Amino acid sequence: MRISRRAARRAATATAMAAASALVLTACGSSGGSGGSDSASGKVEGTVKFQTWNLKTNFKKYFEGLIDDFEKKYPGTKVEWIDQPAENYADKISADAAAGTLPDVVNVSPDLAVPLAKAGLALDLDQAAAKYKGEYLDGAWKSHQIPGMEGTYAFPWYLNTGPMFYNKRLFKEAGLDTEKPPKTYDELFDAAKEIAEKSDGKIATLGNAPAIEDFGRYGVPLMDDKGTKFTFNDPKGVELLKNYKELYDAGALDSQALTNEAEATGRKFKQQSIAMNPGSALDLHKFKKEAPSLYKNIGITPAVTNTGKDNMYVQGVMVNSQSKVKPAAVAFAHFVTNAENQMDFAHEVTIFPSTKGSLDDPFFTKEDGTDETRVRVAAAKSLKTAVNYTPVMLNDQMKTVLRNEVAKAMQGKKSPKQALDDAVAECDRLLKAAG
Amino acid sequence: MTAMTTGSGNGQAVQAGPAAAPPAAAEAPESRRPGRIRTHLPSSPWLFLAPGLLIVGGFSLYPFVSTVLNSFTDARTLVDGQWVGGANYQELIHDEMFWIGLRNSALYVLGVVPLLVVLPLLLAMLVQRHLPGITFFRSAFYTPVVASVVVVGLIWVWLLDDRGLVNSVLGAIGVGTVPFLSDQWLLLLSAMLVTVWKGLGYYMIIYLAALTNVPRELHEACAVDGAGAVRRFFTVTVPAVRSTMVLVGALSSVAAFKVFSEVYLMAGDGGGPGGADTTLVMLVRQVGTGLSGRVGYASAISVVVFVVTLGLMLLVLRANRKEDR
């Protein structure tokens, strides 16, 4: 098989052309989003397509039961359930939205609801489902409201917040009181420096650089009330970043803190090379099974905060404004998120209902002596005052900007003030461009 | 294409012409036979080509043209774009991340291509010999090519982690911890090494095919004249496989400039500390995907990637042509 020079040249050129042209983005059609009618009155019937976010693997039975119940309650309806993997969920929604194939009812987080609402693809529930508003916690209902826009664009679904796990053995070796873990950022910084010093920099206390939630819990104002400008370059934000840089320089942050993903940090916590890590009650099972020696030394404490308020993660259920079965879609979205079904879901997995009164149920207020209920009760208590610190306008691209600028400050390439000023300027520019 | 259509037409003209009377006469009864299906229609070649043309048109040409057009708009994922002229390209010039991406992609080409042109050739020469058990080594060298890049990337992340196997060994021999995954340059270098390690087997196979065409007599004649192994390598092997080296250079240049997976897996979604290891294709993903994706701007970056890749190819071919003279 002799390859002549001419043939080689031709092949190389063809390869270059093919490779380069294959690289380009596929054409992305835009739906434009006329908005459609916000009316959801009419008979509840037809086939509703329902999309969840990585829930089928563990909760197939729960959702199948939920769908059966709905179909029985509303004869003439049928629910087609689609589950998407956790990875690239936003990309999947954007592809469906652009192609005009967005399901009727979609599981979203507040930041995903923003572009969909702006494109006119999310139904305004203040108009279409105002009668249900009173069933949900005020804070949860507002979590899908968008600064600068009237309306609410998704039913609040389950809430979550995580405690902070800490390694008592590592605390003890550093001479710290294992029963008094840090509660505020100042206490955290002191403890972290102590652990780094006593371990000669071998044990880091935290595995990640500060994210937007940390700025929020530190008490930094993140955005103006109108949602038109970011404000995390406030002097308090600069102070937080300076403190984190000191930790990084002292070896109190993991050496890979600037690039670590949550999975890598979790792994290092299990390997006991990191002393503290945020998590959820689910993690306790993992520790017990995968890291028994860590489990023996595990301590559980509320997340560190200077505001007295924990961070809250919110999931929502959005109704597609272009749905052809809008009454059924609204009815189903409400059915999924009503108090009874959220409570049932909470018995399946450690999540917390967003409906009024649910968190007062003995299931969330009484401990039975196990770590699991202790975490659950503590989390439910903190959720009553918790805040979703992540501004809904902060999209993934802006989060990357903040992460990169924080990293530059930590590496000493920029001063903390300069880094945050640059991050705010770029995020504001992207916000403006997003319209 | 045109020639084929014309050819078919000419055939019919010849049959109808007076000079072709005998054959026409011979075929006349057959052509007039009722129910005969004409198999050589002018459109026949197009029908054969249609599936390929539709695939190329739908999946290559249309996206390409669409990308070029999008690059002149401010289109976003869910919003139709307005024509903004060259604004996206002007923005590129002032975008620090674009220059970082361009630098890293260019460094990737410079770091990876020479190694991928030379090392697989040496490897091919090694496994070309008929030694006992050589098939095992051929298979072993080719295995990384078959392995999923994601799996390979994750394995290397675990190996090169600050507390991974490689650093444990280095620590044990007193070298200390090497920040393979937290220093921007070492991270890029680590990703390059993974690319080279994974690509060796593929290019080795191409070289193996080329080496079988190098006449043994040339080597023997050289050896008789007293040339050693190194001399024979440069005077016989390299000239004989030079066209293959150009091909490998071209293929690996294109692949290296478009690198995504290895850097993405090792440096993370953000592209390393402070985004310092972001490549151009990673930037396209960061900017252009998701619900808030800036499709117009990402398209402009894609067009630049296309132009640079094309330029790179032309440069390789031109350099080769000069040497031919």
# chains A, B, ... in the order shown; residues from 1 in each chain; ligands from 1
$ residues_around --residues "segment 148-152 of chain A" --least-positions-apart "3" --cutoff "7 Å" --atoms "only C-alpha atoms" --output "list in words"
Asp124, Leu125, Asp126, Lys142, His144, Gln145, Lys226 and Gly227 of chain A
$ write_last_selection --atoms "C-alpha atoms" --output "JSON list (two decimals), in the first residue's frame"
[["chain", "number", "residue", "atom", "x", "y", "z"],
["A", 124, "ASP", "CA", -46.47, 32.97, 33.67],
["A", 125, "LEU", "CA", -48.03, 31.16, 36.61],
["A", 126, "ASP", "CA", -49.12, 34.39, 38.29],
["A", 142, "LYS", "CA", -40.52, 33.98, 44.44],
["A", 144, "HIS", "CA", -38.71, 31.68, 39.94],
["A", 145, "GLN", "CA", -39.41, 35.37, 39.55],
["A", 226, "LYS", "CA", -33.51, 45.72, 39.84],
["A", 227, "GLY", "CA", -31.28, 42.88, 38.70]]
$ closest_atom_pairs --of "segment 324-385 of chain A" --to "segment 50-62 of chain A" --cutoff "10 Å" --atoms "only C-alpha atoms" --output "JSON lines"
{"residue": "A:Ala329", "atom": "CA", "partner": "A:Phe50", "partner_atom": "CA", "distance": 8.5}
{"residue": "A:Phe332", "atom": "CA", "partner": "A:Phe50", "partner_atom": "CA", "distance": 8.8}
{"residue": "A:Ala333", "atom": "CA", "partner": "A:Phe50", "partner_atom": "CA", "distance": 8.7}
{"residue": "A:Asn341", "atom": "CA", "partner": "A:Tyr62", "partner_atom": "CA", "distance": 9.6}
{"residue": "A:Asp344", "atom": "CA", "partner": "A:Tyr62", "partner_atom": "CA", "distance": 8.4}
{"residue": "A:Phe345", "atom": "CA", "partner": "A:Tyr62", "partner_atom": "CA", "distance": 7.3}
{"residue": "A:Glu348", "atom": "CA", "partner": "A:Phe59", "partner_atom": "CA", "distance": 7.8}
{"residue": "A:Val349", "atom": "CA", "partner": "A:Phe59", "partner_atom": "CA", "distance": 8.7}
$ atom_distance --atom1 "atom CA of Lys309 of chain A" --atom2 "atom CA of Leu383 of chain A"
8.4 Å
$ residues_around --residues "Val152 of chain B" --least-positions-apart "2" --cutoff "10 Å" --atoms "only C-alpha atoms" --output "PyMOL selection string"
chain B and resi 144-145+147-150+154-157+194-195+198+262+265
$ write_last_selection --atoms "N, CA and C atoms" --output "mmCIF file, in the first residue's frame"
data_model
loop_
_atom_site.group_PDB
_atom_site.id
_atom_site.type_symbol
_atom_site.label_atom_id
_atom_site.label_comp_id
_atom_site.auth_asym_id
_atom_site.auth_seq_id
_atom_site.Cartn_x
_atom_site.Cartn_y
_atom_site.Cartn_z
ATOM 1 N N PRO B 144 -4.474 2.030 23.481
ATOM 2 C CA PRO B 144 -4.977 3.368 23.867
ATOM 3 C C PRO B 144 -5.843 4.019 22.792
ATOM 4 N N VAL B 145 -5.599 3.647 21.520
ATOM 5 C CA VAL B 145 -6.394 4.239 20.436
ATOM 6 C C VAL B 145 -7.850 3.796 20.557
ATOM 7 N N ALA B 147 -9.321 2.743 23.320
ATOM 8 C CA ALA B 147 -9.934 3.132 24.602
ATOM 9 C C ALA B 147 -10.640 4.477 24.478
ATOM 10 N N SER B 148 -11.715 4.622 25.255
ATOM 11 C CA SER B 148 -12.463 5.878 25.241
ATOM 12 C C SER B 148 -11.604 7.005 25.797
ATOM 13 N N VAL B 149 -11.656 8.139 25.136
ATOM 14 C CA VAL B 149 -10.841 9.272 25.567
ATOM 15 C C VAL B 149 -11.249 9.745 26.963
ATOM 16 N N VAL B 150 -12.525 9.581 27.283
ATOM 17 C CA VAL B 150 -13.005 10.010 28.605
ATOM 18 C C VAL B 150 -12.399 9.116 29.689
ATOM 19 N N LEU B 154 -9.723 10.324 32.514
ATOM 20 C CA LEU B 154 -9.971 10.199 33.952
ATOM 21 C C LEU B 154 -8.871 9.388 34.644
ATOM 22 N N ILE B 155 -8.401 8.354 33.942
ATOM 23 C CA ILE B 155 -7.320 7.548 34.534
ATOM 24 C C ILE B 155 -6.080 8.424 34.754
ATOM 25 N N TRP B 156 -5.770 9.229 33.744
ATOM 26 C CA TRP B 156 -4.602 10.093 33.875
ATOM 27 C C TRP B 156 -4.799 11.167 34.944
ATOM 28 N N VAL B 157 -6.037 11.627 35.107
ATOM 29 C CA VAL B 157 -6.315 12.598 36.178
ATOM 30 C C VAL B 157 -6.015 11.967 37.533
ATOM 31 N N VAL B 194 -0.854 13.012 27.174
ATOM 32 C CA VAL B 194 -1.960 12.058 27.031
ATOM 33 C C VAL B 194 -2.348 11.945 25.550
ATOM 34 N N THR B 195 -2.409 13.087 24.863
ATOM 35 C CA THR B 195 -2.745 13.070 23.434
ATOM 36 C C THR B 195 -1.715 12.253 22.656
ATOM 37 N N LYS B 198 -2.001 8.565 23.489
ATOM 38 C CA LYS B 198 -3.194 7.952 22.898
ATOM 39 C C LYS B 198 -3.085 7.824 21.371
ATOM 40 N N GLU B 262 -9.105 16.034 25.971
ATOM 41 C CA GLU B 262 -8.031 15.828 26.944
ATOM 42 C C GLU B 262 -7.916 17.021 27.897
ATOM 43 N N LEU B 265 -11.028 17.315 30.175
ATOM 44 C CA LEU B 265 -11.073 16.322 31.250
ATOM 45 C C LEU B 265 -10.036 16.601 32.331
#
$ interface_residues --of "chain B" --to "chain A" --cutoff "7 Å" --atoms "only C-alpha atoms" --output "PyMOL selection string"
chain B and resi 60+63-64+66-67+77-80+182+209-210+213+243-244+247+250-251+254+267-268+270+272-275+286-287+289-292+299+302+306+309-310+313+317
